[in-house]
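As stored in data_7.cif (mmCIF, C-alpha atoms):
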data_final
#
loop_
_atom_site.label_atom_id
_atom_site.label_comp_id
_atom_site.auth_asym_id
_atom_site.auth_seq_id
_atom_site.Cartn_x
_atom_site.Cartn_y
_atom_site.Cartn_z
CA MET A 1 117.51 109.90 149.17
CA ARG A 2 118.64 106.77 150.95
CA HIS A 3 119.28 105.13 147.58
CA LEU A 4 121.41 108.08 146.62
CA LYS A 5 123.40 107.76 149.85
CA THR A 6 123.89 104.03 149.26
CA ALA A 7 125.02 104.73 145.70
CA VAL A 8 127.46 107.40 146.88
CA ALA A 9 128.82 105.04 149.53
CA ALA A 10 129.23 102.27 146.94
CA VAL A 11 131.06 104.58 144.52
CA ALA A 12 133.27 105.83 147.37
CA ALA A 13 134.05 102.22 148.31
CA ILE A 14 135.02 101.40 144.71
CA PHE A 15 137.32 104.42 144.59
CA ALA A 16 138.85 103.47 147.93
CA LEU A 17 139.45 99.95 146.58
CA GLY A 18 140.97 101.39 143.41
CA GLY A 19 143.25 103.54 145.55
CA ALA A 20 144.27 100.52 147.61
CA CYS A 21 145.10 98.55 144.45
CA ALA A 22 147.18 101.42 143.07
CA ALA A 23 149.05 101.67 146.38
CA GLU A 24 149.90 97.99 146.15
CA LEU A 25 151.61 98.27 142.79
CA PRO A 26 155.12 96.81 143.22
CA ALA A 27 157.91 99.34 143.70
CA GLY A 28 160.22 97.21 141.62
CA MET A 29 161.43 93.77 140.59
CA VAL A 30 164.36 91.59 141.64
CA LYS A 31 166.59 91.05 138.59
CA THR A 32 169.69 89.38 140.00
CA THR A 33 170.29 87.35 143.14
CA LYS A 34 173.17 85.38 144.66
CA GLY A 35 173.67 83.39 147.87
CA ALA A 36 171.55 84.02 150.95
CA ALA A 37 169.13 86.82 150.05
CA SER A 38 165.59 87.48 151.14
CA ILE A 39 162.79 90.02 151.14
CA GLU A 40 161.20 90.77 154.50
CA ARG A 41 157.56 91.90 154.40
CA ALA A 42 155.51 92.41 157.57
CA GLY A 43 158.04 90.34 159.54
CA LYS A 44 157.98 87.40 157.10
CA GLN A 45 160.99 86.49 154.99
CA THR A 46 160.76 85.04 151.48
CA PRO A 47 163.72 84.20 149.20
CA ALA A 48 164.61 87.07 146.85
CA SER A 49 164.43 85.23 143.53
CA ALA A 50 164.67 86.86 140.09
CA GLY A 51 161.21 88.11 139.11
CA ALA A 52 160.05 88.62 142.72
CA ALA A 53 158.25 91.91 143.42
CA LEU A 54 159.63 94.47 145.86
CA MET A 55 156.92 96.51 147.61
CA ALA A 56 157.16 99.81 149.45
CA SER A 57 158.15 99.20 153.13
CA ASP A 58 159.90 95.88 152.30
CA ARG A 59 163.40 95.13 153.59
CA VAL A 60 166.11 93.39 151.58
CA VAL A 61 168.34 91.23 153.79
CA THR A 62 171.47 89.39 152.60
CA GLY A 63 173.95 86.98 154.18
CA ALA A 64 177.76 86.88 153.88
CA ASP A 65 177.59 85.38 150.36
CA GLY A 66 174.43 87.20 149.29
CA SER A 67 173.56 90.03 146.91
CA VAL A 68 170.42 91.30 145.17
CA GLY A 69 169.90 93.56 142.13
CA ILE A 70 166.61 95.43 141.85
CA THR A 71 165.10 97.64 139.14
CA LEU A 72 162.53 100.07 140.57
CA ARG A 73 159.62 101.26 138.41
CA ASP A 74 161.27 104.61 137.66
CA GLU A 75 164.43 102.69 136.61
CA THR A 76 166.40 103.51 139.71
CA LEU A 77 168.81 100.56 139.90
CA LEU A 78 169.80 99.15 143.30
CA ALA A 79 172.56 96.66 144.13
CA VAL A 80 172.39 95.30 147.68
CA GLY A 81 175.74 93.78 148.68
CA PRO A 82 176.66 91.03 151.21
CA ASN A 83 175.73 91.24 154.93
CA SER A 84 173.22 93.99 154.27
CA ASN A 85 169.87 95.21 155.52
CA VAL A 86 168.20 97.83 153.32
CA TRP A 87 164.71 99.20 153.99
CA LEU A 88 162.64 100.70 151.16
CA GLU A 89 160.69 102.94 153.49
CA LYS A 90 158.54 104.79 150.91
CA TYR A 91 158.05 104.44 147.19
CA ALA A 92 155.64 105.97 144.68
CA PHE A 93 156.08 106.75 140.98
CA ASP A 94 153.62 108.20 138.48
CA PRO A 95 154.77 107.07 135.01
CA THR A 96 152.92 109.95 133.29
CA SER A 97 154.22 112.89 135.35
CA HIS A 98 157.34 111.15 136.78
CA GLU A 99 156.42 112.49 140.22
CA GLY A 100 156.61 110.41 143.37
CA VAL A 101 158.85 109.60 146.32
CA LEU A 102 161.75 107.29 147.12
CA ASN A 103 163.05 106.94 150.68
CA ALA A 104 165.42 104.10 151.48
CA THR A 105 167.58 103.42 154.53
CA VAL A 106 170.77 101.37 154.65
CA LYS A 107 170.66 99.87 158.15
CA ARG A 108 173.76 97.75 157.53
CA GLY A 109 176.02 96.73 154.67
CA THR A 110 176.41 98.15 151.17
CA LEU A 111 174.03 99.59 148.61
CA GLY A 112 174.99 100.67 145.09
CA VAL A 113 172.58 103.13 143.46
CA ILE A 114 172.08 104.34 139.89
CA SER A 115 169.42 107.03 140.10
CA GLY A 116 166.38 106.92 137.80
CA LYS A 117 163.55 109.03 136.44
CA LEU A 118 162.30 110.16 139.86
CA SER A 119 165.52 111.97 140.75
CA LYS A 120 165.61 113.55 137.27
CA GLN A 121 162.09 114.97 137.62
CA SER A 122 162.16 115.97 141.30
CA PRO A 123 165.55 115.50 143.02
CA GLY A 124 164.06 116.48 146.40
CA ALA A 125 161.75 113.46 146.29
CA VAL A 126 164.66 111.01 146.47
CA GLN A 127 166.40 110.41 149.78
CA PHE A 128 168.76 107.70 150.97
CA ARG A 129 169.59 107.42 154.65
CA THR A 130 172.20 105.79 156.85
CA PRO A 131 172.21 105.55 160.66
CA THR A 132 174.06 108.94 160.80
CA SER A 133 173.24 110.79 157.59
CA ILE A 134 170.74 111.77 154.90
CA LEU A 135 171.81 111.74 151.24
CA GLY A 136 170.37 113.98 148.56
CA VAL A 137 170.93 112.90 144.97
CA ARG A 138 171.69 115.03 141.89
CA GLY A 139 171.51 112.64 138.94
CA THR A 140 174.09 110.19 140.03
CA GLU A 141 175.66 106.83 140.85
CA PHE A 142 177.13 106.04 144.26
CA VAL A 143 177.78 103.41 146.92
CA ILE A 144 176.67 103.59 150.56
CA ASP A 145 178.66 101.46 153.01
CA VAL A 146 177.49 101.07 156.63
CA LYS A 147 180.04 98.94 158.46
CA ASP A 148 178.43 98.06 161.78
CA GLY A 149 174.75 98.75 161.69
CA GLU A 150 171.92 96.76 163.22
CA MET B 151 188.38 100.03 192.24
CA GLY B 152 186.99 103.39 191.21
CA MET B 153 190.28 104.18 189.53
CA LEU B 154 190.21 100.87 187.62
CA ILE B 155 186.72 101.53 186.24
CA TRP B 156 187.84 104.99 185.22
CA ILE B 157 190.83 103.57 183.32
CA VAL B 158 188.67 100.96 181.58
CA CYS B 159 186.25 103.69 180.51
CA LEU B 160 189.12 105.84 179.20
CA LEU B 161 190.54 102.92 177.20
CA ALA B 162 187.10 102.19 175.75
CA ALA B 163 186.68 105.82 174.74
CA VAL B 164 190.12 105.92 173.07
CA SER B 165 189.51 102.69 171.14
CA GLN B 166 186.13 104.03 170.04
CA GLN B 167 187.80 107.13 168.63
CA GLN B 168 190.53 105.19 166.83
CA ARG B 169 188.12 102.80 165.17
CA ALA B 170 187.72 103.10 161.40
CA PRO B 171 184.83 105.34 160.27
CA SER B 172 181.57 103.46 160.51
CA GLU B 173 180.14 104.71 157.21
CA GLN B 174 181.52 105.52 153.78
CA ILE B 175 179.76 107.13 150.82
CA THR B 176 181.53 106.93 147.45
CA LEU B 177 180.50 108.79 144.29
CA LEU B 178 180.80 106.80 141.05
CA PRO B 179 181.14 108.41 137.61
CA SER B 180 177.78 108.84 135.89
CA GLN B 181 177.50 106.82 132.71
CA ASP B 182 176.26 109.74 130.59
CA GLY B 183 179.34 111.75 131.65
CA LYS B 184 177.22 114.60 133.02
CA ALA B 185 178.14 116.33 136.27
CA SER B 186 176.53 114.69 139.28
CA ALA B 187 176.68 115.01 143.04
CA VAL B 188 175.62 113.51 146.34
CA ILE B 189 174.86 115.88 149.21
CA ILE B 190 175.38 114.21 152.59
CA THR B 191 173.79 115.80 155.64
CA THR B 192 175.33 114.64 158.93
CA ALA B 193 174.29 116.28 162.19
CA GLY B 194 173.07 119.34 160.30
CA ILE B 195 176.26 119.82 158.25
CA ASP B 196 176.29 119.29 154.47
CA THR B 197 179.15 117.53 152.69
CA VAL B 198 179.17 117.46 148.88
CA LEU B 199 180.73 114.74 146.72
CA ASP B 200 181.01 115.93 143.12
CA GLN B 201 184.14 114.22 141.74
CA PRO B 202 184.10 110.55 140.67
CA TYR B 203 185.48 108.15 143.30
CA GLN B 204 185.52 110.77 146.06
CA THR B 205 184.70 109.13 149.38
CA ALA B 206 183.15 110.66 152.48
CA ALA B 207 184.16 108.76 155.61
CA ILE B 208 181.62 109.41 158.35
CA ASP B 209 182.14 108.86 162.07
CA SER B 210 180.62 110.38 165.17
CA LYS B 211 182.46 113.67 164.51
CA GLY B 212 181.18 114.17 160.95
CA ALA B 213 182.28 113.52 157.38
CA THR B 214 185.82 113.65 155.92
CA VAL B 215 186.21 113.70 152.13
CA SER B 216 189.13 112.08 150.30
CA ALA B 217 189.91 111.39 146.65
CA GLY B 218 189.88 107.83 145.35
CA ASN B 219 190.54 105.86 142.20
CA GLY B 220 188.38 103.58 140.09
CA THR B 221 190.41 100.39 140.51
CA GLU B 222 190.45 100.59 144.28
CA VAL B 223 186.74 101.45 144.54
CA GLY B 224 185.88 98.75 141.98
CA ASN B 225 187.76 96.13 144.03
CA ARG B 226 186.30 97.27 147.35
CA TYR B 227 182.70 97.01 146.11
CA ALA B 228 183.03 94.24 143.49
CA SER B 229 180.60 91.89 145.23
CA THR B 230 177.98 94.67 145.45
CA LEU B 231 178.40 96.21 142.01
CA THR B 232 178.22 92.87 140.16
CA ALA B 233 174.64 92.59 141.48
CA MET B 234 173.61 95.84 139.73
CA PRO B 235 170.83 95.16 137.21
CA GLN B 236 171.46 95.95 133.54
CA ARG B 237 170.22 99.32 132.34
CA ALA B 238 167.14 99.35 130.12
CA ALA B 239 167.65 98.83 126.40
CA VAL B 240 165.74 101.57 124.56
CA PHE B 241 164.13 101.38 121.12
CA THR B 242 162.26 104.28 119.51
CA LEU B 243 159.63 103.54 116.88
CA TYR B 244 158.09 105.95 114.38
CA PHE B 245 154.85 105.70 112.43
CA VAL B 246 153.89 106.44 108.85
CA THR B 247 152.02 109.77 109.17
CA ASP B 248 148.39 109.38 110.22
CA THR B 249 148.55 105.57 110.44
CA ASP B 250 149.20 102.76 112.91
CA THR B 251 151.83 101.36 110.54
CA LEU B 252 155.47 101.41 111.56
CA VAL B 253 157.99 102.85 109.14
CA PRO B 254 160.09 99.92 107.73
CA GLU B 255 163.21 100.80 109.78
CA SER B 256 161.13 100.66 112.95
CA ALA B 257 159.54 97.33 112.01
CA GLU B 258 163.05 95.86 111.73
CA ARG B 259 163.78 96.83 115.34
CA LEU B 260 161.19 94.34 116.65
CA ALA B 261 163.71 91.50 116.23
CA ASP B 262 166.16 93.46 118.43
CA VAL B 263 163.46 93.87 121.08
CA LYS B 264 162.94 90.10 121.11
CA ALA B 265 166.69 89.48 121.34
CA GLN B 266 166.98 91.80 124.36
CA LEU B 267 164.01 90.10 125.95
CA ALA B 268 165.64 86.68 125.59
CA SER B 269 168.97 87.86 127.05
CA ARG B 270 167.68 89.34 130.34
CA PRO B 271 166.66 87.78 133.65
CA ALA B 272 163.02 88.49 134.65
CA PRO B 273 162.55 90.88 131.71
CA GLU B 274 159.85 93.55 131.55
CA ILE B 275 158.81 95.66 128.56
CA ILE B 276 157.59 99.20 129.11
CA VAL B 277 155.97 100.85 126.09
CA ILE B 278 155.81 104.65 126.42
CA GLY B 279 153.87 106.84 123.99
CA HIS B 280 154.79 110.47 123.23
CA THR B 281 153.10 113.24 121.23
CA ASP B 282 154.06 116.58 119.70
CA THR B 283 152.70 119.83 121.19
CA VAL B 284 149.65 120.16 118.90
CA ALA B 285 146.43 120.00 121.04
CA LYS B 286 145.91 120.16 124.80
CA GLN B 287 147.79 118.17 127.44
CA ASP B 288 144.81 115.98 128.46
CA TYR B 289 144.17 115.03 124.84
CA ASN B 290 147.85 114.28 124.28
CA ASP B 291 147.99 112.11 127.43
CA GLN B 292 145.22 109.96 125.93
CA LEU B 293 146.74 110.00 122.44
CA SER B 294 150.17 108.93 123.75
CA LEU B 295 148.54 106.06 125.64
CA ARG B 296 146.73 104.94 122.45
CA ARG B 297 150.02 104.99 120.53
CA ALA B 298 151.60 102.85 123.23
CA ALA B 299 148.66 100.42 123.11
CA THR B 300 149.12 100.09 119.34
CA VAL B 301 152.76 99.11 119.83
CA LYS B 302 151.82 96.65 122.56
CA ARG B 303 149.45 95.00 120.04
CA ILE B 304 152.28 94.77 117.50
CA LEU B 305 154.59 93.21 120.11
CA VAL B 306 151.96 90.63 121.04
CA GLU B 307 151.50 89.84 117.32
CA VAL B 308 155.21 89.03 116.99
CA GLY B 309 154.86 86.56 119.85
CA ILE B 310 155.69 88.50 123.03
CA ASP B 311 153.66 87.59 126.12
CA ALA B 312 151.12 90.41 126.77
CA ASP B 313 151.55 90.03 130.56
CA ARG B 314 155.16 91.21 130.31
CA ILE B 315 154.20 94.47 128.59
CA ALA B 316 153.13 97.64 130.43
CA VAL B 317 151.85 100.68 128.51
CA GLN B 318 152.39 104.27 129.64
CA GLY B 319 151.69 107.67 128.10
CA ARG B 320 153.88 110.71 128.66
CA GLY B 321 151.82 113.03 126.46
CA GLU B 322 153.90 116.05 125.41
CA ARG B 323 156.10 116.13 128.55
CA GLU B 324 159.22 114.57 127.02
CA LEU B 325 159.81 116.10 123.59
CA LEU B 326 162.62 114.54 121.57
CA VAL B 327 162.89 117.81 119.64
CA PRO B 328 162.04 120.77 121.90
CA THR B 329 159.39 123.01 120.30
CA ALA B 330 156.95 125.75 121.29
CA ASP B 331 153.33 124.79 122.01
CA GLY B 332 151.20 123.85 119.00
CA VAL B 333 154.05 122.68 116.73
CA ASP B 334 153.54 119.72 114.37
CA GLU B 335 156.82 117.78 114.76
CA PRO B 336 156.93 114.19 113.43
CA ARG B 337 159.99 113.27 115.52
CA ASN B 338 158.02 113.96 118.69
CA ARG B 339 155.20 111.57 117.64
CA ARG B 340 156.94 108.42 118.72
CA VAL B 341 156.77 105.37 120.92
CA GLU B 342 159.64 104.25 123.09
CA ILE B 343 160.12 100.61 124.05
CA ARG B 344 162.22 99.98 127.15
CA VAL B 345 163.33 96.41 127.86
CA ARG B 346 164.63 96.03 131.41
#
Could you show the structure in this file as structure tokens?
Amino acid sequence: MRHLKTAVAAVAAIFALGGACAAELPAGMVKTTKGAASIERAGKQTPASAGAALMASDRVVTGADGSVGITLRDETLLAVGPNSNVWLEKYAFDPTSHEGVLNATVKRGTLGVISGKLSKQSPGAVQFRTPTSILGVRGTEFVIDVKDGE
Amino acid sequence: MGMLIWIVCLLAAVSQQQRAPSEQITLLPSQDGKASAVIITTAGIDTVLDQPYQTAAIDSKGATVSAGNGTEVGNRYASTLTAMPQRAAVFTLYFVTDTDTLVPESAERLADVKAQLASRPAPEIIVIGHTDTVAKQDYNDQLSLRRAATVKRILVEVGIDADRIAVQGRGERELLVPTADGVDEPRNRRVEIRVR
């Protein structure tokens, strides 16, 4: 019986590990970058270079001459403009069912968006926020501009 | 003194009100030409943008919508929009019935895949398998993944780095030709390569 319990615990641990690995799949990849541009993860900043991974809960921060282009896994395309601070609060995408979630907040600056497969499959799962508003997306391209945010 | 403070406060309040809106949302035309919209919820009130280049200016009082034009919007956001990544290039491959062999037209597309790969910064290849509606969903999920794996092997054989290639299976969820369940449709048995 104890062996069984140990075996069950071991299997549970493996599944938990598998789950953790899946959760750490990048949300997307940096494709273009210009000027001062970095990715902030757990309070640490690293330069946003082409090929760098963007993870859920990362922030993209740019200076006056900076910009960053990102392709998320569901092919949502993001363009972060100069003097910006954009937080990818939540991200998940299942490539088989196309279900998941995308929540991003523009704290300051500009963000261009071309929506991807997530918003096609389940529009309610995609939400962009600004300090005053929440944006719902219906298969679309748009720019968010927050002039004096934090 | 009290009066002075009061005047300063009044001036501050007036200047606050006359300041330009602190946020702007602008709808761009969708590339596929289909109708699209952004629904903006500010303090419980919904504002809809559904015409290209419409802008919602948002301040403490709410959102005000105005029409705009492409040139002006393009100039205003040039430094942002030039950072937008390229859209994925999409190639669809078909197989000789009941084999892992590409039809000749599809084999010729492999050179185009390589050309796209060479032209993009930090390129990724996503290989997505699809099936027709014959058999059950679980089976088709597996089958579509096997088809994608076959194409990955072909891409590696023509010299593409395996680490750059991700395989995915969509089963029968994304039919190219819509059919009822249980229909044998060759055009739905396909593999899509997306270079992005």
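Residues of protein, DNA or RNA having at least one counted atom within 9 Å of (170.9, 98.5, 160.6), given all atoms listed in the file, are A:Ser84, A:Asn85, A:Val86, A:Thr105, A:Val106, A:Lys107, A:Arg108, A:Gly109, A:Thr130, A:Pro131, A:Val146, A:Asp148, A:Gly149, A:Glu150.
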Deliver the residues from the most recent selection as a file, using C-alpha atoms, as a PDB file, in the coordinates of the input.
ATOM      1  CA  SER A  84     173.220  93.990 154.270  1.00  0.00           C
ATOM      2  CA  ASN A  85     169.870  95.210 155.520  1.00  0.00           C
ATOM      3  CA  VAL A  86     168.200  97.830 153.320  1.00  0.00           C
ATOM      4  CA  THR A 105     167.580 103.420 154.530  1.00  0.00           C
ATOM      5  CA  VAL A 106     170.770 101.370 154.650  1.00  0.00           C
ATOM      6  CA  LYS A 107     170.660  99.870 158.150  1.00  0.00           C
ATOM      7  CA  ARG A 108     173.760  97.750 157.530  1.00  0.00           C
ATOM      8  CA  GLY A 109     176.020  96.730 154.670  1.00  0.00           C
ATOM      9  CA  THR A 130     172.200 105.790 156.850  1.00  0.00           C
ATOM     10  CA  PRO A 131     172.210 105.550 160.660  1.00  0.00           C
ATOM     11  CA  VAL A 146     177.490 101.070 156.630  1.00  0.00           C
ATOM     12  CA  ASP A 148     178.430  98.060 161.780  1.00  0.00           C
ATOM     13  CA  GLY A 149     174.750  98.750 161.690  1.00  0.00           C
ATOM     14  CA  GLU A 150     171.920  96.760 163.220  1.00  0.00           C
TER      15      GLU A 150
END
Do you have, as a tab-separated table, the list of residues of chain B lying at most 6 Å from chain A, each with its nearest atom pair and that distance in Å to one decimal, counting all atoms listed in the file and ordered by chain then number?
residue	atom	partner	partner_atom	distance
B:Ser172	CA	A:Lys147	CA	5.2
B:Glu173	CA	A:Val146	CA	4.5
B:Gln174	CA	A:Asp145	CA	5.0
B:Ile175	CA	A:Ile144	CA	4.7
B:Thr176	CA	A:Val143	CA	5.2
B:Leu177	CA	A:Phe142	CA	4.3
B:Leu178	CA	A:Phe142	CA	4.9
B:Ser180	CA	A:Thr140	CA	5.7
B:Ser186	CA	A:Thr140	CA	5.2
B:Ala187	CA	A:Arg138	CA	5.1
B:Val188	CA	A:Val137	CA	4.9
B:Ile189	CA	A:Gly136	CA	4.9
B:Ile190	CA	A:Leu135	CA	4.5
B:Thr191	CA	A:Ile134	CA	5.1
B:Thr192	CA	A:Ser133	CA	4.6
B:Thr230	CA	A:Gly81	CA	4.0
B:Ala233	CA	A:Gly69	CA	4.9
B:Met234	CA	A:Ala79	CA	4.6
B:Pro235	CA	A:Gly69	CA	5.3
B:Pro271	CA	A:Lys31	CA	5.9
B:Ala272	CA	A:Gly51	CA	4.8
B:Gly319	CA	A:Thr96	CA	5.8
B:Arg320	CA	A:Thr96	CA	4.8
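For the pair atom CA of A:Ser57 and atom CA of A:Gly116, the interatomic distance is 19.0 Å.
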Open item on the list: One number please: atom CA of A:Met55 to atom CA of A:Gly100, in Å, one decimal.
Closed with: 14.5 Å
- [ ] Work out how far atom CA of A:Val126 is from atom CA of A:Ala92, in Å to one decimal.
- [x]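 So the answer is 10.5 Å.
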Task: Expected selection from the PyMOL selection byres ((chain B and resi 214-219) around 6), given as a VMD selection string - done: chain B and resid 203 to 207 213 220 to 222
Show me, as an mmCIF file with C-alpha atoms, in the frame of the given file, the residues that have an atom within 6 Å of stretch 254-270 of chain B when counting all atoms listed in the file, minus same-chain residues fewer than 2 positions from it.
data_model
loop_
_atom_site.group_PDB
_atom_site.id
_atom_site.type_symbol
_atom_site.label_atom_id
_atom_site.label_comp_id
_atom_site.auth_asym_id
_atom_site.auth_seq_id
_atom_site.Cartn_x
_atom_site.Cartn_y
_atom_site.Cartn_z
ATOM 1 C CA LEU B 243 159.630 103.540 116.880
ATOM 2 C CA LEU B 252 155.470 101.410 111.560
ATOM 3 C CA PRO B 273 162.550 90.880 131.710
#
Can you list, as a compact mmCIF listing (two decimals) with C-alpha atoms, keeping the file's coordinate frame, every protein, DNA or RNA residue that comes within 9 Å of stretch 324-329 of chain B when you count only C-alpha atoms, leaving out same-chain residues fewer than 6 positions away?
# COMPACT_ATOMS: atom_id res chain seq x y z
CA HIS B 280 154.79 110.47 123.23
CA THR B 281 153.10 113.24 121.23
CA ASP B 282 154.06 116.58 119.70
CA THR B 283 152.70 119.83 121.19
CA GLU B 335 156.82 117.78 114.76
CA ARG B 337 159.99 113.27 115.52
CA ASN B 338 158.02 113.96 118.69
CA ARG B 339 155.20 111.57 117.64
CA ARG B 340 156.94 108.42 118.72
To test the calculation: enclose all listed atoms of stretch 86-101 of chain A in a box whose edges run along x, y and z, add 4 Å on each side, then state centre and edge lengths in Å to one decimal, as AutoDock Vina command-line options.
--center_x 160.6 --center_y 105.4 --center_z 143.6 --size_x 23.3 --size_y 23.1 --size_z 28.7
Task: Residues returned when the PyMOL selection byres ((chain A and resi 43) around 12) runs on this file, as JSON, numbers by chain - done: {"A": [38, 39, 40, 41, 42, 44, 45, 46, 57, 58, 59, 60, 61]}
Task: For B:Ile276, the nearest of the candidates A:Pro123, A:Phe93, A:Asp74, A:Leu88, counting all atoms listed in the file - done: A:Asp74
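With distances restricted to all atoms listed in the file, B:Ile343 is the closest residue to B:Ile304 from B:Glu274, B:Gln236, B:Ile343, B:Glu322.
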For stretch 87-110 of chain A, supply N, CA and C atoms and report the output as a CSV table (one decimal), in the coordinates of the input.
chain,number,residue,atom,x,y,z
A,87,TRP,N,166.2,99.0,153.8
A,87,TRP,CA,164.7,99.2,154.0
A,87,TRP,C,164.2,100.2,153.0
A,88,LEU,N,163.3,99.8,152.1
A,88,LEU,CA,162.6,100.7,151.2
A,88,LEU,C,161.4,101.3,151.9
A,89,GLU,N,161.7,102.4,152.6
A,89,GLU,CA,160.7,102.9,153.5
A,89,GLU,C,159.5,103.4,152.7
A,90,LYS,N,159.7,104.2,151.7
A,90,LYS,CA,158.5,104.8,150.9
A,90,LYS,C,158.9,104.7,149.4
A,91,TYR,N,157.8,104.4,148.6
A,91,TYR,CA,158.0,104.4,147.2
A,91,TYR,C,156.7,104.7,146.5
A,92,ALA,N,156.8,105.7,145.6
A,92,ALA,CA,155.6,106.0,144.7
A,92,ALA,C,156.2,106.6,143.4
A,93,PHE,N,155.6,106.2,142.3
A,93,PHE,CA,156.1,106.8,141.0
A,93,PHE,C,154.9,106.8,140.0
A,94,ASP,N,154.7,108.0,139.5
A,94,ASP,CA,153.6,108.2,138.5
A,94,ASP,C,154.3,108.2,137.1
A,95,PRO,N,154.0,107.2,136.3
A,95,PRO,CA,154.8,107.1,135.0
A,95,PRO,C,154.4,108.2,134.0
A,96,THR,N,153.3,108.9,134.2
A,96,THR,CA,152.9,110.0,133.3
A,96,THR,C,153.7,111.2,133.7
A,97,SER,N,153.6,111.6,134.9
A,97,SER,CA,154.2,112.9,135.4
A,97,SER,C,155.7,112.7,135.9
A,98,HIS,N,156.0,111.5,136.2
A,98,HIS,CA,157.3,111.2,136.8
A,98,HIS,C,157.5,111.7,138.2
A,99,GLU,N,156.3,112.0,138.8
A,99,GLU,CA,156.4,112.5,140.2
A,99,GLU,C,156.3,111.3,141.2
A,100,GLY,N,156.7,111.5,142.4
A,100,GLY,CA,156.6,110.4,143.4
A,100,GLY,C,157.6,110.6,144.5
A,101,VAL,N,157.9,109.5,145.2
A,101,VAL,CA,158.8,109.6,146.3
A,101,VAL,C,159.7,108.3,146.4
A,102,LEU,N,160.9,108.4,146.8
A,102,LEU,CA,161.8,107.3,147.1
A,102,LEU,C,162.6,107.6,148.4
A,103,ASN,N,162.3,106.9,149.5
A,103,ASN,CA,163.0,106.9,150.7
A,103,ASN,C,163.5,105.5,151.0
A,104,ALA,N,164.9,105.4,151.1
A,104,ALA,CA,165.4,104.1,151.5
A,104,ALA,C,166.5,104.3,152.5
A,105,THR,N,166.6,103.3,153.5
A,105,THR,CA,167.6,103.4,154.5
A,105,THR,C,168.5,102.2,154.5
A,106,VAL,N,169.8,102.5,154.5
A,106,VAL,CA,170.8,101.4,154.6
A,106,VAL,C,171.0,101.2,156.1
A,107,LYS,N,170.5,100.1,156.7
A,107,LYS,CA,170.7,99.9,158.2
A,107,LYS,C,172.0,99.3,158.4
A,108,ARG,N,172.5,98.4,157.4
A,108,ARG,CA,173.8,97.8,157.5
A,108,ARG,C,174.2,97.3,156.2
A,109,GLY,N,175.5,97.3,155.9
A,109,GLY,CA,176.0,96.7,154.7
A,109,GLY,C,176.2,97.8,153.6
A,110,THR,N,176.1,97.3,152.3
A,110,THR,CA,176.4,98.2,151.2
A,110,THR,C,175.2,98.2,150.2
